[in-house]
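For reference, data_5.csv (CSV, C-alpha atoms):
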```csv
chain,number,residue,atom,x,y,z
A,1,ASP,CA,-30.8,-7.0,-3.8
A,2,MET,CA,-29.8,-3.4,-2.9
A,3,LYS,CA,-32.1,-0.6,-4.0
A,4,LEU,CA,-30.4,1.3,-6.8
A,5,GLY,CA,-30.8,5.0,-7.4
A,6,LYS,CA,-30.0,6.9,-10.6
A,7,LYS,CA,-27.0,6.1,-12.7
A,8,VAL,CA,-24.3,8.6,-11.8
A,9,ASN,CA,-21.8,7.6,-14.5
A,10,GLU,CA,-21.0,5.0,-17.1
A,11,GLY,CA,-17.6,4.1,-18.4
A,12,LYS,CA,-16.3,1.6,-20.9
A,13,THR,CA,-16.1,-1.2,-18.3
A,14,LYS,CA,-18.3,-0.1,-15.4
A,15,GLU,CA,-21.5,1.6,-14.3
A,16,VAL,CA,-21.9,3.8,-11.1
A,17,TYR,CA,-25.3,4.0,-9.3
A,18,GLU,CA,-26.5,6.0,-6.3
A,19,LEU,CA,-27.6,4.1,-3.2
A,20,PRO,CA,-30.6,5.7,-1.6
A,21,ASP,CA,-30.3,3.6,1.5
A,22,MET,CA,-26.6,4.5,1.9
A,23,PRO,CA,-26.2,8.3,1.5
A,24,GLY,CA,-22.7,9.3,0.4
A,25,CYS,CA,-22.1,5.9,-1.2
A,26,VAL,CA,-22.4,4.4,-4.7
A,27,LEU,CA,-22.4,1.0,-6.3
A,28,MET,CA,-19.6,0.3,-8.7
A,29,GLN,CA,-20.9,-2.3,-11.2
A,30,SER,CA,-18.4,-4.0,-13.5
A,31,LYS,CA,-19.2,-5.0,-17.1
A,32,ASP,CA,-18.2,-8.1,-19.1
A,33,GLN,CA,-16.4,-5.9,-21.5
A,34,ILE,CA,-12.7,-5.4,-22.4
A,35,THR,CA,-11.4,-2.4,-24.4
A,36,ALA,CA,-8.1,-1.0,-25.7
A,37,GLY,CA,-7.0,2.2,-27.4
A,38,ASN,CA,-9.8,4.3,-25.9
A,39,ALA,CA,-12.4,1.7,-27.0
A,40,ALA,CA,-11.0,1.6,-30.6
A,41,ARG,CA,-11.0,-2.2,-29.9
A,42,LYS,CA,-13.9,-3.5,-27.8
A,43,ASP,CA,-15.1,-7.0,-27.1
A,44,ARG,CA,-17.3,-8.9,-24.7
A,45,MET,CA,-15.5,-11.2,-22.4
A,46,GLU,CA,-17.9,-13.5,-20.4
A,47,GLY,CA,-17.0,-13.4,-16.7
A,48,LYS,CA,-14.7,-10.4,-16.9
A,49,ALA,CA,-17.0,-8.4,-14.5
A,50,ALA,CA,-16.5,-10.9,-11.7
A,51,ILE,CA,-12.8,-11.2,-12.4
A,52,SER,CA,-12.3,-7.4,-12.3
A,53,ASN,CA,-14.4,-7.1,-9.2
A,54,THR,CA,-12.4,-9.7,-7.3
A,55,THR,CA,-9.1,-8.1,-8.3
A,56,THR,CA,-10.2,-4.6,-7.4
A,57,SER,CA,-11.8,-5.7,-4.1
A,58,CYS,CA,-8.6,-7.5,-3.0
A,59,VAL,CA,-6.3,-4.7,-4.0
A,60,PHE,CA,-8.3,-2.0,-2.3
A,61,GLN,CA,-8.6,-4.1,0.9
A,62,LEU,CA,-4.9,-4.6,1.0
A,63,LEU,CA,-4.3,-0.8,0.6
A,64,GLN,CA,-7.0,0.1,3.1
A,65,GLU,CA,-5.7,-2.3,5.7
A,66,ALA,CA,-2.2,-0.8,5.2
A,67,GLY,CA,-3.6,2.7,5.9
A,68,ILE,CA,-4.1,4.2,2.4
A,69,LYS,CA,-7.2,6.3,2.2
A,70,THR,CA,-9.5,4.8,-0.5
A,71,ALA,CA,-13.1,5.1,-1.6
A,72,PHE,CA,-13.6,1.4,-1.2
A,73,VAL,CA,-16.2,0.3,1.4
A,74,ARG,CA,-16.9,-3.4,0.8
A,75,LYS,CA,-17.5,-6.0,-1.9
A,76,GLN,CA,-21.2,-6.3,-2.5
A,77,SER,CA,-21.6,-9.1,-5.0
A,78,ASP,CA,-19.5,-11.1,-7.5
A,79,THR,CA,-19.6,-8.2,-9.9
A,80,ALA,CA,-20.0,-5.0,-7.8
A,81,PHE,CA,-18.6,-3.2,-4.8
A,82,ILE,CA,-19.7,-0.3,-2.7
A,83,ALA,CA,-17.6,2.8,-2.6
A,84,ALA,CA,-17.7,6.3,-1.1
A,85,HIS,CA,-19.3,8.8,-3.5
A,86,CYS,CA,-16.5,10.9,-5.0
A,87,GLU,CA,-16.2,13.6,-7.6
A,88,MET,CA,-13.5,12.2,-9.8
A,89,ILE,CA,-10.4,14.2,-10.7
A,90,PRO,CA,-10.0,13.7,-14.5
A,91,ILE,CA,-6.3,12.7,-14.3
A,92,GLU,CA,-4.8,9.2,-14.7
A,93,TRP,CA,-1.7,9.0,-12.6
A,94,VAL,CA,0.9,6.5,-13.9
A,95,CYS,CA,3.8,5.1,-11.9
A,96,ARG,CA,6.6,3.2,-13.8
A,97,ARG,CA,9.4,1.0,-12.5
A,98,ILE,CA,10.3,-0.3,-16.0
A,99,ALA,CA,10.3,1.6,-19.3
A,100,THR,CA,8.0,-0.1,-21.7
A,101,GLY,CA,4.8,0.6,-23.8
A,102,SER,CA,3.9,4.2,-24.6
A,103,PHE,CA,6.8,5.6,-22.6
A,104,LEU,CA,9.2,4.3,-25.2
A,105,LYS,CA,7.2,5.9,-28.0
A,106,ARG,CA,7.3,9.3,-26.2
A,107,ASN,CA,10.9,9.0,-25.3
A,108,PRO,CA,12.9,7.6,-28.3
A,109,GLY,CA,16.3,6.4,-27.4
A,110,VAL,CA,15.3,4.8,-24.1
A,111,LYS,CA,15.7,1.1,-24.2
A,112,GLU,CA,12.9,-1.2,-23.0
A,113,GLY,CA,13.7,-2.5,-19.6
A,114,TYR,CA,15.3,0.7,-18.3
A,115,LYS,CA,14.6,0.9,-14.6
A,116,PHE,CA,13.5,4.0,-12.7
A,117,TYR,CA,14.9,4.7,-9.2
A,118,PRO,CA,12.7,6.1,-7.7
A,119,PRO,CA,9.7,5.1,-9.8
A,120,LYS,CA,8.7,7.6,-12.5
A,121,ILE,CA,5.5,9.5,-12.1
A,122,GLU,CA,3.5,10.7,-15.1
A,123,MET,CA,0.0,12.1,-15.4
A,124,PHE,CA,-2.5,12.1,-18.3
A,125,TYR,CA,-5.6,14.2,-18.7
A,126,LYS,CA,-8.7,12.1,-19.4
A,127,ASP,CA,-9.8,13.1,-22.8
A,128,ASP,CA,-10.7,10.2,-25.1
A,129,ALA,CA,-11.1,12.6,-28.1
A,130,ASN,CA,-7.5,13.6,-27.8
A,131,ASN,CA,-6.1,10.3,-26.7
A,132,ASP,CA,-5.6,11.3,-23.1
A,133,PRO,CA,-2.7,13.8,-23.5
A,134,GLN,CA,0.1,13.9,-21.1
A,135,TRP,CA,0.0,16.8,-18.6
A,136,SER,CA,2.5,18.5,-16.4
A,137,GLU,CA,1.9,19.6,-12.8
A,138,GLU,CA,1.8,23.2,-14.0
A,139,GLN,CA,-1.1,22.4,-16.4
A,140,LEU,CA,-3.0,20.6,-13.6
A,141,ILE,CA,-2.6,23.5,-11.2
A,142,GLU,CA,-3.5,26.1,-13.8
A,143,ALA,CA,-6.7,24.2,-14.7
A,144,LYS,CA,-8.0,25.3,-11.2
A,145,PHE,CA,-10.2,22.3,-10.9
A,146,CYS,CA,-12.7,22.3,-8.0
A,147,PHE,CA,-14.4,19.1,-6.9
A,148,ALA,CA,-16.7,18.7,-3.9
A,149,GLY,CA,-15.6,22.1,-2.8
A,150,LEU,CA,-11.9,21.3,-2.9
A,151,THR,CA,-9.7,23.4,-5.2
A,152,ILE,CA,-6.9,21.4,-6.7
A,153,GLY,CA,-3.7,23.4,-6.1
A,154,GLN,CA,0.0,22.6,-5.5
A,155,THR,CA,-0.7,20.9,-2.1
A,156,GLU,CA,-3.3,18.6,-3.6
A,157,VAL,CA,-1.1,17.8,-6.6
A,158,ASP,CA,1.8,17.0,-4.4
A,159,ILE,CA,-0.4,14.7,-2.2
A,160,MET,CA,-1.6,12.8,-5.3
A,161,ALA,CA,1.9,12.4,-6.7
A,162,ARG,CA,3.4,11.2,-3.4
A,163,SER,CA,0.4,8.8,-2.8
A,164,THR,CA,0.8,7.4,-6.3
A,165,GLN,CA,4.4,6.4,-5.6
A,166,ALA,CA,3.5,4.9,-2.2
A,167,ILE,CA,0.6,2.9,-3.6
A,168,PHE,CA,2.8,1.5,-6.4
A,169,GLU,CA,5.6,0.6,-4.0
A,170,ILE,CA,3.1,-1.2,-1.7
A,171,LEU,CA,1.7,-3.3,-4.6
A,172,GLU,CA,5.1,-3.9,-6.0
A,173,LYS,CA,6.3,-5.3,-2.7
A,174,SER,CA,3.1,-7.3,-2.3
A,175,TRP,CA,3.6,-9.1,-5.7
A,176,GLN,CA,7.3,-10.0,-5.0
A,177,PRO,CA,6.6,-13.0,-2.8
A,178,GLN,CA,4.8,-14.5,-5.9
A,179,ASN,CA,7.8,-13.8,-8.1
A,180,CYS,CA,5.8,-11.3,-10.1
A,181,THR,CA,7.2,-7.9,-11.2
A,182,LEU,CA,4.8,-5.0,-11.1
A,183,VAL,CA,6.0,-3.0,-14.2
A,184,ASP,CA,3.7,0.0,-14.0
A,185,LEU,CA,0.4,1.1,-12.5
A,186,LYS,CA,-2.4,3.5,-13.5
A,187,ILE,CA,-4.7,4.9,-10.8
A,188,GLU,CA,-7.2,7.7,-10.3
A,189,PHE,CA,-8.2,9.9,-7.3
A,190,GLY,CA,-11.4,11.5,-6.3
A,191,VAL,CA,-12.7,13.9,-3.7
A,192,ASN,CA,-15.0,12.3,-1.1
A,193,ILE,CA,-18.2,14.4,-1.2
A,194,LEU,CA,-18.7,13.9,2.6
A,195,THR,CA,-15.2,14.3,4.0
A,196,LYS,CA,-13.9,16.6,1.2
A,197,GLU,CA,-10.5,14.7,1.2
A,198,ILE,CA,-8.6,13.2,-1.7
A,199,VAL,CA,-8.8,9.4,-1.8
A,200,LEU,CA,-7.8,6.6,-4.1
A,201,ALA,CA,-10.9,5.9,-6.2
A,202,ASP,CA,-12.2,4.2,-9.3
A,203,VAL,CA,-10.8,0.6,-9.7
A,204,ILE,CA,-7.5,-1.2,-9.7
A,205,ASP,CA,-7.8,-4.3,-11.8
A,206,ASN,CA,-6.0,-6.2,-14.5
A,207,ASP,CA,-6.6,-3.2,-16.8
A,208,SER,CA,-4.6,-1.0,-14.5
A,209,TRP,CA,-1.1,-2.5,-14.5
A,210,ARG,CA,1.5,-4.5,-16.3
A,211,LEU,CA,2.4,-7.7,-14.4
A,212,TRP,CA,5.3,-9.9,-15.6
A,213,PRO,CA,5.8,-13.3,-13.8
A,214,SER,CA,9.5,-13.8,-13.2
A,215,GLY,CA,10.1,-10.4,-14.7
A,216,ASP,CA,9.6,-11.9,-18.1
A,217,ARG,CA,7.5,-9.8,-20.5
A,218,SER,CA,6.7,-12.9,-22.7
A,219,GLN,CA,4.7,-14.2,-19.7
A,220,GLN,CA,2.7,-11.0,-19.2
A,221,LYS,CA,-0.7,-11.6,-17.5
A,222,ASP,CA,-2.2,-8.1,-17.9
A,223,LYS,CA,-4.3,-6.4,-20.5
A,224,GLN,CA,-1.3,-5.9,-22.8
A,225,SER,CA,-1.9,-9.5,-23.9
A,226,TYR,CA,-5.2,-8.2,-25.4
A,227,ARG,CA,-3.7,-5.1,-26.9
A,228,ASP,CA,-1.0,-7.2,-28.6
A,229,LEU,CA,-3.6,-9.3,-30.5
A,230,LYS,CA,-3.4,-8.9,-34.2
A,231,GLU,CA,-6.8,-10.5,-34.6
A,232,VAL,CA,-9.4,-11.1,-31.9
A,233,THR,CA,-10.6,-14.6,-32.3
A,234,PRO,CA,-12.6,-16.7,-29.7
A,235,GLU,CA,-9.4,-18.7,-29.0
A,236,ALA,CA,-7.4,-15.5,-28.5
A,237,LEU,CA,-10.0,-14.1,-26.2
A,238,GLN,CA,-9.9,-17.2,-24.1
A,239,MET,CA,-6.2,-16.9,-23.8
A,240,VAL,CA,-6.7,-13.3,-22.5
A,241,LYS,CA,-9.4,-14.5,-20.1
A,242,ARG,CA,-7.1,-17.2,-18.7
A,243,ASN,CA,-4.5,-14.5,-18.0
A,244,PHE,CA,-7.1,-12.4,-16.1
A,245,GLU,CA,-8.2,-15.4,-14.1
A,246,TRP,CA,-4.6,-16.2,-13.2
A,247,VAL,CA,-4.3,-12.7,-11.7
A,248,ALA,CA,-7.6,-12.9,-9.9
A,249,GLU,CA,-6.7,-16.2,-8.3
A,250,ARG,CA,-3.3,-14.9,-7.1
A,251,VAL,CA,-4.4,-11.4,-6.1
A,252,GLU,CA,-6.2,-12.9,-3.1
A,253,LEU,CA,-2.8,-14.1,-1.8
A,254,LEU,CA,-1.7,-10.4,-1.5
A,255,LEU,CA,-3.8,-10.4,1.7
A,256,LYS,CA,-1.8,-13.1,3.2
A,257,THR,CA,1.8,-13.7,4.2
A,258,LYS,CA,3.8,-16.9,4.9
A,259,SER,CA,6.2,-15.0,7.1
A,260,GLN,CA,5.5,-15.1,10.9
A,261,GLY,CA,7.0,-12.9,13.6
A,262,ARG,CA,6.4,-11.7,17.1
A,263,VAL,CA,7.7,-9.3,19.7
A,264,VAL,CA,8.5,-10.4,23.2
A,265,VAL,CA,8.7,-7.6,25.7
A,266,LEU,CA,10.8,-8.5,28.8
A,267,MET,CA,10.2,-6.2,31.7
A,268,GLY,CA,12.4,-6.1,34.8
A,269,SER,CA,9.6,-5.3,37.1
A,270,PRO,CA,5.7,-5.3,36.9
A,271,SER,CA,5.9,-1.6,37.7
A,272,ASP,CA,6.9,-1.1,34.1
A,273,LEU,CA,3.6,-2.7,32.8
A,274,SER,CA,2.0,0.5,31.5
A,275,HIS,CA,5.2,1.3,29.5
A,276,CYS,CA,5.2,-2.2,28.0
A,277,GLU,CA,1.5,-2.1,27.1
A,278,LYS,CA,2.2,0.9,24.9
A,279,ILE,CA,4.7,-1.2,23.0
A,280,LYS,CA,2.1,-4.0,22.7
A,281,LYS,CA,-0.5,-1.6,21.4
A,282,ALA,CA,1.9,-0.1,18.8
A,283,CYS,CA,2.8,-3.7,17.7
A,284,ALA,CA,-0.9,-4.4,17.1
A,285,ALA,CA,-1.1,-1.5,14.8
A,286,PHE,CA,1.4,-3.2,12.6
A,287,GLY,CA,-0.3,-6.6,12.9
A,288,ILE,CA,2.5,-8.0,14.9
A,289,PRO,CA,1.7,-10.4,17.9
A,290,CYS,CA,3.3,-9.2,21.1
A,291,GLU,CA,3.8,-11.1,24.4
A,292,LEU,CA,4.7,-9.5,27.8
A,293,ARG,CA,7.0,-11.3,30.3
A,294,VAL,CA,8.5,-10.3,33.7
A,295,THR,CA,12.1,-11.3,34.4
A,296,SER,CA,15.2,-9.7,36.0
A,297,ALA,CA,18.7,-10.4,34.6
A,298,HIS,CA,20.1,-9.2,37.9
A,299,LYS,CA,17.9,-11.2,40.3
A,300,GLY,CA,17.1,-14.2,38.2
A,301,PRO,CA,19.6,-14.6,35.3
A,302,ASP,CA,18.9,-18.3,35.0
A,303,GLU,CA,15.1,-17.6,34.5
A,304,THR,CA,15.9,-14.9,32.0
A,305,LEU,CA,17.9,-17.3,29.9
A,306,ARG,CA,15.3,-20.0,30.2
A,307,ILE,CA,12.6,-17.6,28.9
A,308,LYS,CA,15.0,-16.7,26.0
A,309,ALA,CA,15.4,-20.3,25.1
A,310,GLU,CA,11.7,-20.9,25.2
A,311,TYR,CA,11.2,-18.4,22.4
A,312,GLU,CA,14.2,-19.5,20.4
A,313,GLY,CA,13.1,-23.1,20.3
A,314,ASP,CA,9.8,-22.9,18.3
A,315,GLY,CA,11.3,-21.4,15.2
A,316,ILE,CA,9.1,-18.2,15.1
A,317,PRO,CA,11.2,-15.1,14.2
A,318,THR,CA,11.3,-13.0,17.4
A,319,VAL,CA,12.4,-9.5,18.4
A,320,PHE,CA,13.1,-9.0,22.1
A,321,VAL,CA,12.4,-5.7,23.7
A,322,ALA,CA,14.2,-5.2,27.1
A,323,VAL,CA,12.4,-2.8,29.4
A,324,ALA,CA,14.5,-2.1,32.5
A,325,GLY,CA,15.3,1.1,34.3
A,326,ARG,CA,18.1,2.0,36.7
A,327,SER,CA,21.0,-0.3,35.9
A,328,ASN,CA,19.8,-2.1,32.7
A,329,GLY,CA,21.4,-5.5,32.6
A,330,LEU,CA,18.4,-7.1,30.9
A,331,GLY,CA,19.1,-5.9,27.3
A,332,PRO,CA,22.9,-6.6,27.3
A,333,VAL,CA,22.4,-10.0,28.9
A,334,MET,CA,19.8,-10.9,26.2
A,335,SER,CA,21.9,-9.5,23.4
A,336,GLY,CA,25.0,-11.4,24.5
A,337,ASN,CA,23.1,-14.7,24.6
A,338,THR,CA,20.9,-14.8,21.6
A,339,ALA,CA,21.3,-14.3,17.8
A,340,TYR,CA,17.8,-12.7,17.7
A,341,PRO,CA,17.5,-8.9,17.6
A,342,VAL,CA,17.3,-7.1,21.0
A,343,VAL,CA,16.3,-3.5,21.5
A,344,ASN,CA,16.4,-1.6,24.8
A,345,CYS,CA,13.4,0.6,25.7
A,346,PRO,CA,14.1,1.8,29.2
A,347,PRO,CA,11.3,3.7,31.1
A,348,LEU,CA,12.6,7.0,32.3
A,349,SER,CA,12.2,7.8,36.0
A,350,ALA,CA,11.6,11.2,37.4
A,351,ASP,CA,14.4,10.9,39.9
A,352,TRP,CA,17.3,9.9,37.7
A,353,GLY,CA,16.1,10.5,34.2
A,354,THR,CA,18.9,10.7,31.7
A,355,GLN,CA,21.4,9.0,34.1
A,356,ASP,CA,19.5,5.7,33.8
A,357,VAL,CA,19.8,5.8,30.0
A,358,TRP,CA,23.6,5.4,30.1
A,359,SER,CA,23.3,1.8,31.3
A,360,SER,CA,21.4,1.0,28.1
A,361,LEU,CA,23.8,2.9,25.9
A,362,ARG,CA,27.2,1.9,27.3
A,363,LEU,CA,27.4,-1.8,26.4
A,364,PRO,CA,30.3,-4.3,26.5
A,365,SER,CA,32.1,-4.9,23.2
A,366,GLY,CA,30.6,-7.5,20.9
A,367,LEU,CA,26.9,-6.6,21.6
A,368,GLY,CA,24.5,-5.1,19.2
A,369,CYS,CA,21.6,-3.8,21.2
A,370,PRO,CA,20.2,-0.4,20.1
A,371,THR,CA,18.2,1.8,22.5
A,372,THR,CA,15.0,3.8,21.9
A,373,LEU,CA,13.2,5.7,24.6
A,374,SER,CA,9.8,5.7,22.8
A,375,PRO,CA,7.6,2.6,23.2
A,376,GLU,CA,6.1,3.3,19.7
A,377,GLY,CA,9.7,3.5,18.4
A,378,ALA,CA,10.5,0.1,19.8
A,379,ALA,CA,7.5,-1.4,18.0
A,380,GLN,CA,8.5,0.4,14.8
A,381,PHE,CA,12.0,-1.0,15.0
A,382,ALA,CA,10.6,-4.5,15.2
A,383,ALA,CA,8.2,-3.8,12.3
A,384,GLN,CA,11.1,-2.7,10.1
A,385,ILE,CA,12.9,-5.9,10.8
A,386,PHE,CA,9.8,-8.1,10.0
A,387,GLY,CA,8.9,-5.9,7.1
A,388,LEU,CA,12.0,-7.2,5.2
A,389,ASN,CA,10.1,-10.5,4.7
A,390,ASN,CA,6.5,-9.6,5.4
A,391,HIS,CA,4.9,-7.4,2.8
A,392,LEU,CA,1.8,-6.7,5.0
A,393,VAL,CA,4.0,-5.2,7.7
A,394,TRP,CA,6.1,-3.3,5.2
A,395,ALA,CA,2.9,-1.9,3.6
A,396,LYS,CA,1.8,-0.4,7.0
A,397,LEU,CA,5.2,1.2,7.5
A,398,ARG,CA,5.2,2.7,4.0
A,399,SER,CA,1.6,4.0,4.5
A,400,ASN,CA,2.6,5.5,7.8
A,401,MET,CA,5.4,7.4,6.1
A,402,LEU,CA,2.9,8.7,3.5
A,403,ASN,CA,0.3,9.7,6.0
A,404,THR,CA,2.8,11.5,8.2
A,405,TRP,CA,4.0,13.5,5.1
A,406,ILE,CA,0.4,14.3,4.1
A,407,SER,CA,-0.5,15.6,7.6
A,408,LEU,CA,2.5,17.9,7.6
A,409,LYS,CA,1.7,19.1,4.1
A,410,GLN,CA,-1.9,19.9,5.0
A,411,ALA,CA,-0.9,21.5,8.3
A,412,ASP,CA,1.5,23.8,6.4
A,413,LYS,CA,-1.3,24.7,3.9
A,414,LYS,CA,-3.7,25.5,6.7
A,415,LEU,CA,-1.2,27.7,8.5
A,416,ARG,CA,-0.4,29.6,5.4
A,417,ASP,CA,-4.0,30.1,4.6
A,418,CYS,CA,-4.6,31.5,8.1
A,419,THR,CA,-1.6,33.8,7.7
A,420,LEU,CA,-2.8,35.1,4.4
```
Produce structure tokens that represent the structure in this file.
Amino acid sequence: DMKLGKKVNEGKTKEVYELPDMPGCVLMQSKDQITAGNAARKDRMEGKAAISNTTTSCVFQLLQEAGIKTAFVRKQSDTAFIAAHCEMIPIEWVCRRIATGSFLKRNPGVKEGYKFYPPKIEMFYKDDANNDPQWSEEQLIEAKFCFAGLTIGQTEVDIMARSTQAIFEILEKSWQPQNCTLVDLKIEFGVNILTKEIVLADVIDNDSWRLWPSGDRSQQKDKQSYRDLKEVTPEALQMVKRNFEWVAERVELLLKTKSQGRVVVLMGSPSDLSHCEKIKKACAAFGIPCELRVTSAHKGPDETLRIKAEYEGDGIPTVFVAVAGRSNGLGPVMSGNTAYPVVNCPPLSADWGTQDVWSSLRLPSGLGCPTTLSPEGAAQFAAQIFGLNNHLVWAKLRSNMLNTWISLKQADKKLRDCTL
């Protein structure tokens, strides 16, 4: 029911329209069309638009909630979503974990199944007439592209390359709980016309990756099953559609996790509440529930152990954070009486400062109780533990790493520009 403006662009599988009532946004409308070989093969697949839109919307929601900057705004209908209006950078970025497909043709002698550690990044210039030739970083920089007022130089190329790897790793990790191997991934970036920043744009659907259940190529569920057809018959097309539907059904599970976890912050005194609330706020940023309790291992050891047993008894994985200044007995007592992880996060006092920290660092033998002075660091320590079995928490950690790197890269560029 939205009012559509002029058509901004049309590709093989989608149309892009301006939205007069939403300045700076466009409508991405998918088509019931499947293509291969730069449209050398092209067929109508009834229902593909809805399947593609579901897949893209779920993937972009996952990445956006993790902290990746994307053009995605919201799903608008079964076959369309709203996105920030971007000037697209005409480069396809490909990230590969496993060697297969065109990589083997371009690199004879490499066996199919060879694994890349870290994932291998490649880029291809979008030029259908020349079959999207592979480009180097140097070619992209020398092209001196400028989109929405942003010139694509070394900094921008580095940001896109680093982002491509992070996005691949987040999606790879997200598919693992379903015993699916993400083999490779193709994405595109654009420059947001309002913010002038590079964001993940276009779509990520079943045309964008290779996905092998159980790591078995013969079970492939991606568009390669269409490329491999010797003859496109109605029966063969139905088989391809069932593969696409299989992915669309399971991609919604990427937004969920079966793994639970929580942080329990034990403070030795209510005077430490402000310090503990910083831990709770940082935990919330990772999507981790956090509870605050008051107990003293010195003045009420029986109550401290009772609280410990309360959280051990319900089966929810728990990380305890001990917040105690002066003589910290809370962390060591907890560590010596539970198999759950315990981390010390003592608040520093103005009077004693570093002297107080020694009671957290000097532990009896047989205790594993690390110490961090930063409330945010304590929350991150817990997130890294839960991230081992929770892909949503892991995605936030991975995205934080990327965004920190990007902010440093941009700060360096800004400083150099000012100096020059």
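Picture a line from atom CA of Asp132 of chain A to atom CA of Ser57 of chain A; it runs 26.2 Å.
Among the candidates A:His275, A:Lys69, A:Arg106, A:Arg262, the residue lying nearest to Ser349 of chain A is A:His275 (atoms considered: only C-alpha atoms).
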Please list as a PyMOL selection string every residue within 9 Å of Arg210 of chain A, counting all atoms listed in the file and excluding residues in the same chain fewer than 2 positions away. chain A and resi 181-185+206-208+212+220-224
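For the pair atom CA of Asp127 of chain A and atom CA of Ser102 of chain A, the separation is 16.4 Å.
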Any idea what's packed within 7 Å of segment 107-123 of chain A, counting all atoms listed in the file, ignoring anything in its chain fewer than 5 positions away? Could you give it as an mmCIF file with C-alpha atoms, in the frame of the given file?
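Output contents, as saved in result-v7.cif:
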```cif
data_model
loop_
_atom_site.group_PDB
_atom_site.id
_atom_site.type_symbol
_atom_site.label_atom_id
_atom_site.label_comp_id
_atom_site.auth_asym_id
_atom_site.auth_seq_id
_atom_site.Cartn_x
_atom_site.Cartn_y
_atom_site.Cartn_z
ATOM 1 C CA ILE A 91 -6.300 12.700 -14.300
ATOM 2 C CA GLU A 92 -4.800 9.200 -14.700
ATOM 3 C CA TRP A 93 -1.700 9.000 -12.600
ATOM 4 C CA VAL A 94 0.900 6.500 -13.900
ATOM 5 C CA CYS A 95 3.800 5.100 -11.900
ATOM 6 C CA ARG A 96 6.600 3.200 -13.800
ATOM 7 C CA ARG A 97 9.400 1.000 -12.500
ATOM 8 C CA ILE A 98 10.300 -0.300 -16.000
ATOM 9 C CA ALA A 99 10.300 1.600 -19.300
ATOM 10 C CA THR A 100 8.000 -0.100 -21.700
ATOM 11 C CA GLN A 134 0.100 13.900 -21.100
ATOM 12 C CA TRP A 135 0.000 16.800 -18.600
ATOM 13 C CA SER A 136 2.500 18.500 -16.400
ATOM 14 C CA GLN A 165 4.400 6.400 -5.600
#
```
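Going from atom CA of Leu140 of chain A over to atom CA of Gly190 of chain A, you cover 14.4 Å.
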Between segment 284-372 of chain A and segment 390-413 of chain A, at 10 Å or less, what are the per-residue closest atom pairs and their distances in Å? Count only C-alpha atoms, order by chain and rising residue number, and return it as JSON lines.
```
{"residue": "A:Ala285", "atom": "CA", "partner": "A:Lys396", "partner_atom": "CA", "distance": 8.4}
{"residue": "A:Phe286", "atom": "CA", "partner": "A:Val393", "partner_atom": "CA", "distance": 5.9}
{"residue": "A:Gly287", "atom": "CA", "partner": "A:Val393", "partner_atom": "CA", "distance": 6.9}
{"residue": "A:Ile288", "atom": "CA", "partner": "A:Val393", "partner_atom": "CA", "distance": 7.9}
```
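Using only C-alpha atoms, the shortest contact distance between Asp314 of chain A and any of A:Pro301, A:Pro346, A:Gly261, A:Gly366 is found at A:Gly261.
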Contacts of segment 16-23 of chain A at 9 Å or less, counting all atoms listed in the file, minus same-chain residues fewer than 5 places along, as a PyMOL selection string? chain A and resi 2-11+28-30+85
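For the residues A:Leu361, A:Val323, A:Ser259, A:Asp216, ranking by smallest atom-to-atom distance to Ile385 of chain A using all atoms listed in the file places A:Ser259 first.
Closest approach to Ser163 of chain A among A:Val319, A:Leu373, A:Ile187, A:Leu62 is made by A:Ile187 (distances from all atoms listed in the file).
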Would you kindly return, as a list in words, each protein, DNA or RNA residue with an atom no farther than 8 Å from any atom of Ala71 of chain A, considering all atoms listed in the file and excluding same-chain residues fewer than 5 positions away? Ala83, Ala84, His85, Cys86, Asn192, Val199, Leu200, Ala201 and Asp202 of chain A
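Nearest residue to Thr155 of chain A, choosing from A:Arg416, A:Met88, A:Cys283, A:Lys308 and counting all atoms listed in the file: A:Arg416.
If all atoms listed in the file are the atoms counted, then among A:Ala379, A:Ser335, A:Arg227, A:Val247 the closest residue to Glu277 of chain A is A:Ala379.
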Test item: residues at most 12 Å from Asn131 of chain A, only C-alpha atoms, excluding those fewer than 3 positions along its chain, as a list in words: Ala36, Gly37, Asn38, Ala39, Ala40, Ser102, Phe124, Tyr125, Lys126, Asp127, Asp128 and Gln134 of chain A
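Look at everything within 10 Å of (-24.4, -9.3, -6.3) using only C-alpha atoms, and the residues you get are Asp1, Met2, Gln29, Ala50, Lys75, Gln76, Ser77, Asp78, Thr79, Ala80 and Phe81 of chain A.
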Could you turn the residues from that selection into a file that holds C-alpha atoms, as a compact mmCIF listing (two decimals), keeping the file's coordinate frame?
```
# COMPACT_ATOMS: atom_id res chain seq x y z
CA ASP A 1 -30.80 -7.00 -3.80
CA MET A 2 -29.80 -3.40 -2.90
CA GLN A 29 -20.90 -2.30 -11.20
CA ALA A 50 -16.50 -10.90 -11.70
CA LYS A 75 -17.50 -6.00 -1.90
CA GLN A 76 -21.20 -6.30 -2.50
CA SER A 77 -21.60 -9.10 -5.00
CA ASP A 78 -19.50 -11.10 -7.50
CA THR A 79 -19.60 -8.20 -9.90
CA ALA A 80 -20.00 -5.00 -7.80
CA PHE A 81 -18.60 -3.20 -4.80
```
